[in-house]
$ cat my_file_26.cif   # mmCIF, C-alpha atoms and all ligand atoms
data_run
loop_
_atom_site.label_atom_id
_atom_site.label_comp_id
_atom_site.auth_asym_id
_atom_site.auth_seq_id
_atom_site.Cartn_x
_atom_site.Cartn_y
_atom_site.Cartn_z
CA MET A 1 -13.16 93.61 20.19
CA LYS A 2 -9.99 91.55 20.00
CA GLN A 3 -6.70 93.11 21.08
CA VAL A 4 -4.14 93.24 18.25
CA VAL A 5 -0.35 93.12 18.69
CA VAL A 6 2.60 93.65 16.41
CA THR A 7 4.67 90.58 17.26
CA GLY A 8 7.41 90.81 14.66
CA THR A 9 9.08 93.13 12.17
CA GLY A 10 11.58 92.38 9.43
CA LEU A 11 13.91 94.38 7.21
CA TYR A 12 15.54 93.43 3.93
CA THR A 13 18.32 95.83 2.91
CA PRO A 14 19.72 95.56 -0.65
CA GLU A 15 23.43 94.74 -0.90
CA GLN A 16 24.37 97.73 -3.07
CA SER A 17 24.48 101.32 -1.84
CA ILE A 18 25.20 104.74 -3.35
CA SER A 19 26.66 107.66 -1.41
CA ASN A 20 25.71 111.26 -2.15
CA ASP A 21 29.14 111.86 -3.68
CA GLU A 22 28.80 108.93 -6.09
CA LEU A 23 25.29 109.99 -7.11
CA VAL A 24 26.28 113.62 -7.59
CA ALA A 25 29.37 112.66 -9.65
CA SER A 26 27.16 110.69 -12.06
CA TYR A 27 24.55 113.48 -12.24
CA ASN A 28 27.21 116.12 -12.84
CA ALA A 29 28.80 114.00 -15.61
CA TYR A 30 25.35 113.86 -17.25
CA VAL A 31 25.04 117.67 -16.91
CA ASP A 32 28.48 118.26 -18.45
CA ASN A 33 27.68 115.95 -21.38
CA PHE A 34 24.31 117.60 -21.90
CA ASN A 35 25.74 121.12 -21.81
CA ALA A 36 28.63 120.19 -24.15
CA GLY A 37 26.25 118.47 -26.58
CA ASN A 38 23.91 121.46 -26.60
CA ALA A 39 26.55 124.21 -26.47
CA ALA A 40 25.30 126.09 -29.56
CA ALA A 41 21.62 125.96 -28.50
CA ILE A 42 22.55 127.06 -24.98
CA GLU A 43 24.64 129.92 -26.41
CA SER A 44 21.71 131.12 -28.57
CA GLY A 45 19.28 130.83 -25.66
CA GLU A 46 17.16 128.06 -27.22
CA VAL A 47 18.10 125.55 -24.53
CA GLU A 48 18.70 126.20 -20.87
CA ALA A 49 22.02 124.95 -19.48
CA LEU A 50 21.73 122.40 -16.69
CA THR A 51 23.30 123.08 -13.26
CA HIS A 52 25.41 120.76 -11.13
CA SER A 53 23.99 119.01 -8.07
CA ALA A 54 25.84 119.15 -4.74
CA SER A 55 26.26 116.62 -1.90
CA GLY A 56 26.36 119.44 0.66
CA PHE A 57 22.93 120.68 -0.44
CA ILE A 58 21.43 117.19 -0.33
CA GLU A 59 22.58 116.50 3.22
CA LYS A 60 21.60 119.93 4.54
CA ALA A 61 18.18 120.06 2.80
CA SER A 62 17.13 116.48 3.56
CA GLY A 63 19.48 114.67 5.98
CA ILE A 64 20.21 112.03 3.31
CA LYS A 65 23.81 110.77 2.96
CA ASN A 66 23.33 107.36 1.38
CA ARG A 67 20.74 105.03 -0.15
CA TYR A 68 20.52 101.29 -0.87
CA VAL A 69 19.47 100.20 -4.37
CA MET A 70 18.70 96.99 -6.25
CA ASN A 71 21.02 97.94 -9.13
CA LYS A 72 23.74 100.51 -8.77
CA THR A 73 25.53 100.23 -12.12
CA GLY A 74 22.68 101.45 -14.30
CA ILE A 75 21.85 104.33 -11.97
CA LEU A 76 25.44 105.61 -11.89
CA ASP A 77 26.10 105.24 -15.62
CA SER A 78 25.50 108.80 -16.81
CA ASN A 79 24.29 107.46 -20.18
CA VAL A 80 21.69 105.19 -18.56
CA MET A 81 20.65 106.71 -15.18
CA THR A 82 18.07 104.10 -14.39
CA PRO A 83 18.38 100.76 -12.57
CA GLN A 84 18.88 97.83 -14.95
CA ILE A 85 16.66 95.01 -13.75
CA GLU A 86 16.06 92.12 -16.13
CA GLU A 87 12.55 90.78 -16.64
CA ARG A 88 12.16 87.29 -15.23
CA PRO A 89 10.22 84.37 -16.67
CA ASN A 90 6.73 83.90 -15.21
CA GLU A 91 7.92 80.71 -13.50
CA ALA A 92 10.53 82.62 -11.43
CA PRO A 93 9.63 84.61 -8.28
CA SER A 94 9.21 88.33 -8.95
CA LEU A 95 11.75 90.72 -7.47
CA GLN A 96 9.21 92.27 -5.09
CA ALA A 97 8.06 88.85 -3.88
CA GLU A 98 11.69 87.84 -3.33
CA MET A 99 12.37 90.97 -1.24
CA ALA A 100 9.14 90.38 0.69
CA ILE A 101 10.12 86.81 1.55
CA LYS A 102 13.50 87.93 2.93
CA ALA A 103 11.95 90.59 5.19
CA THR A 104 9.20 88.18 6.25
CA HIS A 105 11.59 85.49 7.53
CA GLN A 106 13.05 87.97 10.03
CA ALA A 107 9.59 89.08 11.19
CA LEU A 108 8.42 85.47 11.62
CA GLU A 109 11.47 84.71 13.74
CA GLU A 110 10.71 87.57 16.12
CA ALA A 111 7.06 86.55 16.32
CA GLY A 112 8.12 82.95 17.08
CA ILE A 113 5.77 81.51 14.45
CA THR A 114 6.09 79.93 11.00
CA ALA A 115 4.58 81.06 7.71
CA SER A 116 1.88 78.40 7.90
CA ASP A 117 0.51 80.17 11.03
CA ILE A 118 -0.34 83.26 8.92
CA ASP A 119 -3.78 83.42 7.33
CA ALA A 120 -3.70 86.70 5.37
CA VAL A 121 -1.06 88.63 3.43
CA ILE A 122 -1.11 92.30 2.46
CA VAL A 123 1.55 93.70 0.13
CA SER A 124 1.29 97.44 0.57
CA CYS A 125 3.67 99.77 -1.27
CA SER A 126 3.85 102.74 -3.61
CA ASN A 127 4.76 100.85 -6.79
CA LEU A 128 3.80 97.34 -7.85
CA GLN A 129 5.91 95.76 -10.55
CA ARG A 130 2.93 94.30 -12.44
CA ALA A 131 -0.82 94.67 -12.57
CA TYR A 132 -1.71 91.07 -11.73
CA PRO A 133 -1.63 88.45 -10.38
CA ALA A 134 -1.19 90.27 -7.07
CA ILE A 135 2.35 90.20 -5.65
CA SER A 136 0.77 89.34 -2.28
CA ILE A 137 -0.79 86.17 -3.72
CA GLU A 138 2.63 85.19 -5.07
CA VAL A 139 4.14 85.81 -1.60
CA GLN A 140 1.33 83.75 -0.07
CA SER A 141 2.09 80.88 -2.46
CA LEU A 142 5.90 81.04 -2.00
CA LEU A 143 5.45 80.90 1.78
CA GLY A 144 2.81 78.16 1.68
CA ILE A 145 0.16 80.27 3.42
CA GLU A 146 -3.50 79.23 3.36
CA GLY A 147 -6.11 81.97 3.35
CA PHE A 148 -6.17 85.13 1.25
CA ALA A 149 -3.94 87.97 0.06
CA PHE A 150 -4.26 91.34 -1.65
CA ASP A 151 -2.12 94.28 -2.78
CA MET A 152 -2.76 97.90 -1.89
CA ASN A 153 -1.11 101.24 -2.62
CA VAL A 154 -1.39 104.47 -0.65
CA ALA A 155 2.08 105.74 -1.68
CA CYS A 156 4.24 106.72 1.32
CA SER A 157 1.41 105.85 3.73
CA SER A 158 0.98 102.31 2.42
CA ALA A 159 2.41 100.70 5.58
CA THR A 160 0.31 102.56 8.16
CA PHE A 161 -2.82 102.11 6.02
CA GLY A 162 -1.83 98.42 5.72
CA ILE A 163 -1.49 98.19 9.52
CA GLN A 164 -5.00 99.60 9.98
CA MET A 165 -6.39 97.12 7.42
CA ALA A 166 -4.63 94.24 9.17
CA ARG A 167 -5.76 95.36 12.61
CA ASP A 168 -9.37 95.73 11.45
CA MET A 169 -9.22 92.23 9.96
CA VAL A 170 -7.93 90.67 13.19
CA ARG A 171 -10.39 92.65 15.33
CA SER A 172 -13.33 91.60 13.20
CA GLY A 173 -12.18 87.98 13.10
CA SER A 174 -11.69 87.70 9.32
CA ALA A 175 -8.02 86.81 9.99
CA LYS A 176 -6.04 85.82 13.07
CA ARG A 177 -2.49 86.53 11.97
CA VAL A 178 -1.67 88.97 9.16
CA LEU A 179 1.60 89.54 7.32
CA MET A 180 1.87 93.10 5.97
CA VAL A 181 4.88 93.68 3.67
CA ASN A 182 6.31 96.79 1.95
CA PRO A 183 8.67 95.97 -0.92
CA GLU A 184 9.74 99.40 -2.15
CA ILE A 185 11.87 99.64 -5.33
CA CYS A 186 11.76 103.44 -5.37
CA SER A 187 14.78 103.70 -7.70
CA GLY A 188 12.52 102.35 -10.47
CA HIS A 189 10.30 105.45 -10.45
CA LEU A 190 12.93 108.07 -9.65
CA ASN A 191 14.12 110.47 -12.37
CA PHE A 192 17.90 110.39 -11.85
CA ARG A 193 18.19 113.25 -14.40
CA ASP A 194 16.14 115.62 -12.21
CA ARG A 195 18.36 117.80 -9.98
CA ASP A 196 15.50 118.58 -7.57
CA SER A 197 14.75 114.95 -6.75
CA HIS A 198 17.52 112.61 -8.02
CA PHE A 199 18.81 112.09 -4.45
CA ILE A 200 15.53 111.38 -2.68
CA PHE A 201 14.79 107.66 -2.77
CA GLY A 202 16.28 104.28 -1.87
CA ASP A 203 15.13 100.64 -2.10
CA VAL A 204 14.24 98.35 0.80
CA CYS A 205 11.56 95.97 2.09
CA THR A 206 9.92 95.87 5.52
CA ALA A 207 7.53 93.31 7.01
CA VAL A 208 5.15 93.52 9.97
CA ILE A 209 3.24 90.67 11.62
CA LEU A 210 0.01 91.49 13.45
CA GLU A 211 -1.79 88.94 15.59
CA ASP A 212 -4.73 88.41 17.86
CA ALA A 213 -3.12 89.00 21.29
CA GLU A 214 -4.77 85.89 22.71
CA ILE A 215 -2.90 83.53 20.39
CA ALA A 216 0.36 85.48 20.04
CA LYS A 217 3.46 83.52 21.08
CA ASN A 218 5.63 86.60 21.47
CA LYS A 219 4.14 88.14 24.62
CA SER A 220 6.32 91.25 24.54
CA GLY A 221 5.11 92.62 21.21
CA PHE A 222 3.58 96.06 20.65
CA GLU A 223 -0.12 96.34 21.39
CA ILE A 224 -1.91 98.60 18.90
CA ILE A 225 -3.75 101.19 20.99
CA ASP A 226 -5.35 102.94 18.03
CA THR A 227 -4.90 103.88 14.36
CA LYS A 228 -5.96 107.03 12.54
CA LEU A 229 -5.81 107.70 8.80
CA PHE A 230 -6.15 110.91 6.82
CA SER A 231 -6.23 111.79 3.12
CA GLN A 232 -6.73 114.96 1.12
CA PHE A 233 -6.21 115.29 -2.64
CA SER A 234 -3.08 117.11 -3.83
CA ASN A 235 -1.08 117.26 -7.07
CA ASN A 236 2.12 118.26 -5.27
CA ILE A 237 3.50 114.71 -5.31
CA ARG A 238 2.53 112.89 -8.46
CA ASN A 239 3.44 110.04 -10.81
CA ASN A 240 1.27 109.54 -13.91
CA PHE A 241 2.66 106.13 -14.80
CA GLY A 242 -0.15 103.68 -15.39
CA PHE A 243 -1.81 101.20 -17.70
CA LEU A 244 -3.31 103.88 -19.94
CA ASN A 245 0.11 105.37 -20.84
CA ARG A 246 0.41 103.16 -23.90
CA ALA A 247 -2.88 104.54 -25.16
CA ALA A 248 -1.37 108.04 -25.34
CA GLU A 249 1.78 107.14 -27.26
CA HIS A 250 3.07 110.70 -27.74
CA ALA A 251 3.22 111.27 -23.95
CA ARG A 252 4.30 107.80 -22.88
CA ASP A 253 7.85 108.69 -21.87
CA ASP A 254 7.24 112.22 -20.55
CA LYS A 255 8.82 113.20 -17.24
CA ASP A 256 5.50 112.94 -15.42
CA LYS A 257 5.62 109.14 -15.81
CA LEU A 258 8.22 109.21 -13.03
CA PHE A 259 8.10 110.78 -9.56
CA ILE A 260 7.59 114.57 -9.54
CA GLN A 261 7.04 116.77 -6.53
CA ASN A 262 6.87 120.36 -5.42
CA GLY A 263 9.02 119.65 -2.36
CA ARG A 264 8.77 123.11 -0.82
CA LYS A 265 4.95 123.07 -0.91
CA VAL A 266 4.85 119.52 0.44
CA PHE A 267 7.09 120.53 3.32
CA ARG A 268 4.98 123.60 4.14
CA GLU A 269 1.57 121.95 3.78
CA VAL A 270 2.15 118.47 5.18
CA SER A 271 4.29 119.23 8.26
CA PRO A 272 1.64 121.19 10.24
CA LEU A 273 -1.07 118.80 9.11
CA VAL A 274 0.84 115.80 10.50
CA ALA A 275 1.71 117.54 13.78
CA THR A 276 -2.00 118.32 14.30
CA MET A 277 -3.00 114.79 13.38
CA ILE A 278 -0.65 113.22 15.95
CA THR A 279 -1.71 115.67 18.68
CA GLU A 280 -5.41 115.02 18.01
CA HIS A 281 -4.87 111.27 17.83
CA LEU A 282 -3.14 111.28 21.21
CA ALA A 283 -5.94 113.39 22.75
CA GLU A 284 -8.60 111.04 21.36
CA ASN A 285 -6.87 108.25 23.31
CA GLY A 286 -6.50 110.22 26.54
CA LEU A 287 -2.77 110.72 25.94
CA GLU A 288 -0.47 113.71 25.92
CA ALA A 289 2.79 114.32 24.09
CA GLN A 290 4.81 113.65 27.26
CA ASP A 291 3.31 110.14 27.40
CA LEU A 292 5.29 109.25 24.27
CA ARG A 293 8.67 107.63 24.59
CA ARG A 294 9.34 107.83 20.86
CA MET A 295 7.96 108.77 17.43
CA TRP A 296 8.94 106.62 14.46
CA LEU A 297 8.16 109.06 11.68
CA HIS A 298 8.04 108.77 7.91
CA GLN A 299 11.56 109.24 6.58
CA ALA A 300 11.36 111.88 3.83
CA ASN A 301 13.19 114.84 5.28
CA ARG A 302 15.10 115.31 8.53
CA ASN A 303 14.15 118.99 8.88
CA MET A 304 10.49 118.15 8.32
CA ASN A 305 10.58 115.52 11.07
CA ASP A 306 12.32 117.92 13.48
CA PHE A 307 9.56 120.46 12.79
CA ILE A 308 6.76 117.94 13.36
CA VAL A 309 8.17 116.51 16.59
CA LYS A 310 9.00 119.96 17.96
CA LYS A 311 5.40 121.02 17.29
CA VAL A 312 4.00 117.94 19.03
CA LEU A 313 6.38 118.00 22.03
CA GLY A 314 6.86 121.77 22.32
CA TYR A 315 10.67 121.46 22.36
CA GLU A 316 13.62 120.22 20.23
CA PRO A 317 13.59 116.40 20.19
CA GLU A 318 16.58 114.23 21.08
CA PHE A 319 17.59 111.46 18.62
CA ASP A 320 16.09 108.93 21.07
CA GLN A 321 12.65 110.56 20.74
CA GLN A 322 12.70 110.73 16.96
CA PRO A 323 15.28 108.33 15.49
CA THR A 324 16.23 108.86 11.86
CA VAL A 325 17.37 106.34 9.26
CA LEU A 326 17.38 108.90 6.45
CA ASP A 327 21.14 109.30 6.52
CA GLU A 328 21.63 105.62 5.67
CA TYR A 329 18.45 104.63 3.75
CA ALA A 330 17.16 107.93 2.24
CA ASN A 331 13.40 108.08 1.60
CA THR A 332 12.11 104.52 1.20
CA SER A 333 8.48 105.58 0.82
CA SER A 334 6.10 103.47 2.93
CA ALA A 335 8.94 101.48 4.52
CA GLY A 336 10.65 104.46 6.20
CA SER A 337 8.73 104.64 9.49
CA ILE A 338 8.77 100.83 9.72
CA ILE A 339 12.57 100.71 9.30
CA ALA A 340 12.83 103.24 12.15
CA PHE A 341 10.43 101.15 14.27
CA HIS A 342 12.27 97.92 13.45
CA LYS A 343 15.69 99.32 14.34
CA TYR A 344 14.66 101.37 17.37
CA LYS A 345 12.12 99.38 19.34
CA GLN A 346 14.18 96.81 21.27
CA ASP A 347 14.89 99.17 24.20
CA PHE A 348 11.17 99.80 24.89
CA LYS A 349 10.01 98.65 28.32
CA ALA A 350 6.59 97.16 29.05
CA GLY A 351 3.97 99.92 29.19
CA GLU A 352 5.97 102.47 27.18
CA THR A 353 4.10 104.15 24.35
CA GLY A 354 5.14 105.38 20.90
CA VAL A 355 3.68 106.53 17.57
CA ILE A 356 4.45 105.20 14.09
CA CYS A 357 3.49 107.89 11.59
CA SER A 358 3.65 108.15 7.81
CA PHE A 359 2.78 110.91 5.34
CA GLY A 360 3.14 111.52 1.63
CA ALA A 361 1.46 111.48 -1.75
CA GLY A 362 -2.29 111.70 -1.89
CA TYR A 363 -1.86 113.57 0.42
CA SER A 364 -2.11 110.66 2.83
CA ALA A 365 -1.10 110.28 6.47
CA GLY A 366 -1.39 107.50 9.03
CA SER A 367 -0.79 107.43 12.78
CA VAL A 368 -0.47 104.20 14.79
CA ILE A 369 -0.20 104.40 18.59
CA VAL A 370 1.57 101.37 20.05
CA ARG A 371 2.42 100.25 23.59
CA ARG A 372 4.93 97.58 24.60
CA ALA A 373 3.17 94.57 26.06
CA GLY A 374 4.61 92.09 28.52
N1 LIG B 1 21.98 120.42 -5.59
C1 LIG B 1 22.25 121.72 -5.32
N2 LIG B 1 21.30 122.68 -5.23
C2 LIG B 1 20.02 122.29 -5.42
C3 LIG B 1 19.66 120.96 -5.72
C4 LIG B 1 20.70 120.01 -5.81
N3 LIG B 1 20.45 118.72 -6.07
N4 LIG B 1 18.32 120.89 -5.86
C5 LIG B 1 17.84 122.12 -5.65
N5 LIG B 1 18.87 122.99 -5.39
C6 LIG B 1 18.80 124.44 -5.17
C7 LIG B 1 17.61 125.06 -5.85
O1 LIG B 1 17.95 125.40 -7.18
C8 LIG B 1 17.39 126.29 -4.99
O2 LIG B 1 18.33 127.28 -5.35
P1 LIG B 1 17.94 128.85 -5.30
O3 LIG B 1 17.64 129.14 -3.86
O4 LIG B 1 19.18 129.51 -5.81
O5 LIG B 1 16.74 129.00 -6.20
C9 LIG B 1 17.76 125.81 -3.59
O6 LIG B 1 18.61 124.68 -3.77
C10 LIG B 1 16.55 125.40 -2.74
O7 LIG B 1 15.75 124.50 -3.50
P2 LIG B 1 14.42 123.90 -2.93
O8 LIG B 1 13.86 122.94 -3.95
O9 LIG B 1 13.54 125.01 -2.45
O10 LIG B 1 15.01 123.06 -1.70
P3 LIG B 1 14.35 122.62 -0.34
O11 LIG B 1 15.07 123.26 0.76
O12 LIG B 1 12.86 122.75 -0.38
O13 LIG B 1 14.71 121.07 -0.30
C11 LIG B 1 13.63 118.96 -0.65
C12 LIG B 1 14.24 120.21 -1.31
C13 LIG B 1 13.05 118.07 -1.74
C14 LIG B 1 14.75 118.23 0.07
C15 LIG B 1 12.55 119.37 0.37
O14 LIG B 1 11.69 120.33 -0.18
C16 LIG B 1 11.72 118.23 0.88
O15 LIG B 1 12.22 117.18 1.29
N6 LIG B 1 10.39 118.40 0.96
C17 LIG B 1 9.47 117.43 1.52
C18 LIG B 1 9.22 116.42 0.49
C19 LIG B 1 8.43 115.25 0.96
O16 LIG B 1 8.22 115.00 2.11
N7 LIG B 1 8.01 114.50 0.02
C20 LIG B 1 7.34 113.31 0.24
C21 LIG B 1 7.82 112.47 -0.85
S1 LIG B 1 7.37 110.87 -0.65
#
$ encode --input "my_file_26.cif" --output "structure tokens" --more "lines below"
Ligand code: COA
Amino acid sequence: MKQVVVTGTGLYTPEQSISNDELVASYNAYVDNFNAGNAAAIESGEVEALTHSASGFIEKASGIKNRYVMNKTGILDSNVMTPQIEERPNEAPSLQAEMAIKATHQALEEAGITASDIDAVIVSCSNLQRAYPAISIEVQSLLGIEGFAFDMNVACSSATFGIQMARDMVRSGSAKRVLMVNPEICSGHLNFRDRDSHFIFGDVCTAVILEDAEIAKNKSGFEIIDTKLFSQFSNNIRNNFGFLNRAAEHARDDKDKLFIQNGRKVFREVSPLVATMITEHLAENGLEAQDLRRMWLHQANRNMNDFIVKKVLGYEPEFDQQPTVLDEYANTSSAGSIIAFHKYKQDFKAGETGVICSFGAGYSAGSVIVRRAG
């Protein structure tokens, strides 16, 4: 079997950002308007009054302080509360392809190769802006890549599942160099009128280049030791948006056509499952927790990550062992663990080992053990 290395990563961060205070001010203005407009119905008990959101709660419950978004104005306008992103003509690059290209350039630079060296593209993310043609094929065309491309979606685990697909392709010989990109426009599927979740997501794009170690130009990349995937059906994180919505006109705009979760249950059910998965994955590869220099975990909730790492290591982790980007980026779905890896991998020495791990809707979880080469 061929050895596969991650030779480059890239990150595109949108220019606009929203702090907790800005988001909460807009949500609370919406609540005040709603309550004033429904005062009589609230008084008679027909309608339930809405309650303010609070920045303090958001930071304490999740670790999130800020998020980047593709369009701030629409989200913060309490009469709109959704990003305003114009449709583009078919001749223009799509927004997701554009984000993907920006992240890819950075990854190519680290890998020391050009786009024409790539022979397969995977766009893997939790929401695709159209059904077809595949965004990945558009990315392939914009970059002038020969070969093949496809899109895939495993929600928050899209990147780790994408890494396993890419690795399997290189190992089997169906591709030599794969570009795996995660353009996440999470603000497009977030219900900014829902107090329980309006603060959760941000937008971003990450890119990962995986190559056959024999032909890799960057000799100090991260060798993939092993990958492990897991899935188990759950309704606790759900989004019913899809192509059949227009066939059920009466329900087309219901709240379930945006992101909905039972956050408490997700926290309770997924955290132990992920800790066990990482521990088992390490054991299957003859490794123990103390062999890990760092865990780049899915960025959904700071407390959840502390719980998982403590369970794996047996003690409270330092920032260095489990870096977080939640404070700055919020939950960016599949991109979260890759942002953490991208930003906190430069200090790894040859031979040091770490785990990239994602988890989320499905449920789905992915663990990727990597070791610095060179
Ligand atoms: N502002 C202020 N208070 C809020 C609030 C807000 N925006 N949202 C909820 N609350 C209140 C609730 O009303 C509740 O009040 P009560 O105790 O008086 O009933 C209290 O805060 C706790 O609410 P709860 O929903 O149980 O909070 P939590 O501690 O579970 O935190 C999440 C919520 C979403 C941050 C957390 O559950 C989580 O991150 N779970 C994991 C989710 C995950 O990984 N999802 C993957 C998605 S890709």
$ closest_residue --input "my_file_26.cif" --among "A:Arg372, A:His250, A:His189, A:Arg177" --to "ligand LIG 1 (chain B)" --atoms "only C-alpha atoms and all ligand atoms"
A:His189
$ closest_residue --input "my_file_26.cif" --among "A:Ile338, A:Arg171, A:Asn35, A:Gln299" --to "Glu214 in chain A" --atoms "all atoms listed in the file"
A:Arg171
$ atom_distance --input "my_file_26.cif" --atom1 "CA of Ile356 in chain A" --atom2 "CA of Ile118 in chain A"
23.0 Å
$ residues_near_ligand --input "my_file_26.cif" --ligand "ligand LIG 1 (chain B)" --cutoff "9 Å" --atoms "only C-alpha atoms and all ligand atoms" --output "PyMOL selection string"
chain A and resi 24+51-64+155-157+194-201+236-237+259-268+270-271+298-304+331-334+359-361
$ closest_residue --input "my_file_26.cif" --among "A:Lys217, A:Arg67, A:Arg371, A:Lys2" --to "Asp203 in chain A" --atoms "only C-alpha atoms"
A:Arg67
$ closest_residue --input "my_file_26.cif" --among "A:Ala275, A:Leu50, A:Asp226, A:Gly336" --to "Asp306 in chain A" --atoms "all atoms listed in the file"
A:Ala275
$ atom_distance --input "my_file_26.cif" --atom1 "CA of Gln129 in chain A" --atom2 "CA of Glu110 in chain A"
28.3 Å
$ residues_around --input "my_file_26.cif" --residues "Asn153 in chain A" --least-positions-apart "5" --cutoff "6 Å" --atoms "only C-alpha atoms" --output "PDB file with C-alpha atoms, in the coordinates of the input"
ATOM      1  CA  SER A 124       1.290  97.440   0.570  1.00  0.00           C
ATOM      2  CA  CYS A 125       3.670  99.770  -1.270  1.00  0.00           C
ATOM      3  CA  SER A 126       3.850 102.740  -3.610  1.00  0.00           C
ATOM      4  CA  SER A 158       0.980 102.310   2.420  1.00  0.00           C
TER       5      SER A 158
END
$ atom_distance --input "my_file_26.cif" --atom1 "CA of Val47 in chain A" --atom2 "CA of Arg252 in chain A"
22.5 Å
$ closest_residue --input "my_file_26.cif" --among "A:Met99, A:Val121, A:Leu11, A:Ala340" --to "Ala134 in chain A" --atoms "only C-alpha atoms"
A:Val121
$ closest_residue --input "my_file_26.cif" --among "A:Ser187, A:Thr7, A:Ser44, A:Ser141" --to "Glu109 in chain A" --atoms "all atoms listed in the file"
A:Thr7
$ residues_around --input "my_file_26.cif" --residues "Glu318 in chain A" --least-positions-apart "6" --cutoff "12 Å" --atoms "all atoms listed in the file" --output "PyMOL selection string"
chain A and resi 293-295+305-306+309-310+324
$ write_last_selection --input "my_file_26.cif" --atoms "C-alpha atoms" --output "PDB file, in the frame of the given file"
ATOM      1  CA  ARG A 293       8.670 107.630  24.590  1.00  0.00           C
ATOM      2  CA  ARG A 294       9.340 107.830  20.860  1.00  0.00           C
ATOM      3  CA  MET A 295       7.960 108.770  17.430  1.00  0.00           C
ATOM      4  CA  ASN A 305      10.580 115.520  11.070  1.00  0.00           C
ATOM      5  CA  ASP A 306      12.320 117.920  13.480  1.00  0.00           C
ATOM      6  CA  VAL A 309       8.170 116.510  16.590  1.00  0.00           C
ATOM      7  CA  LYS A 310       9.000 119.960  17.960  1.00  0.00           C
ATOM      8  CA  THR A 324      16.230 108.860  11.860  1.00  0.00           C
TER       9      THR A 324
END
$ residues_around --input "my_file_26.cif" --residues "Asn90 in chain A" --least-positions-apart "5" --cutoff "12 Å" --atoms "all atoms listed in the file" --output "list of chain:residue names"
A:Leu95, A:Arg130, A:Tyr132, A:Pro133, A:Glu138
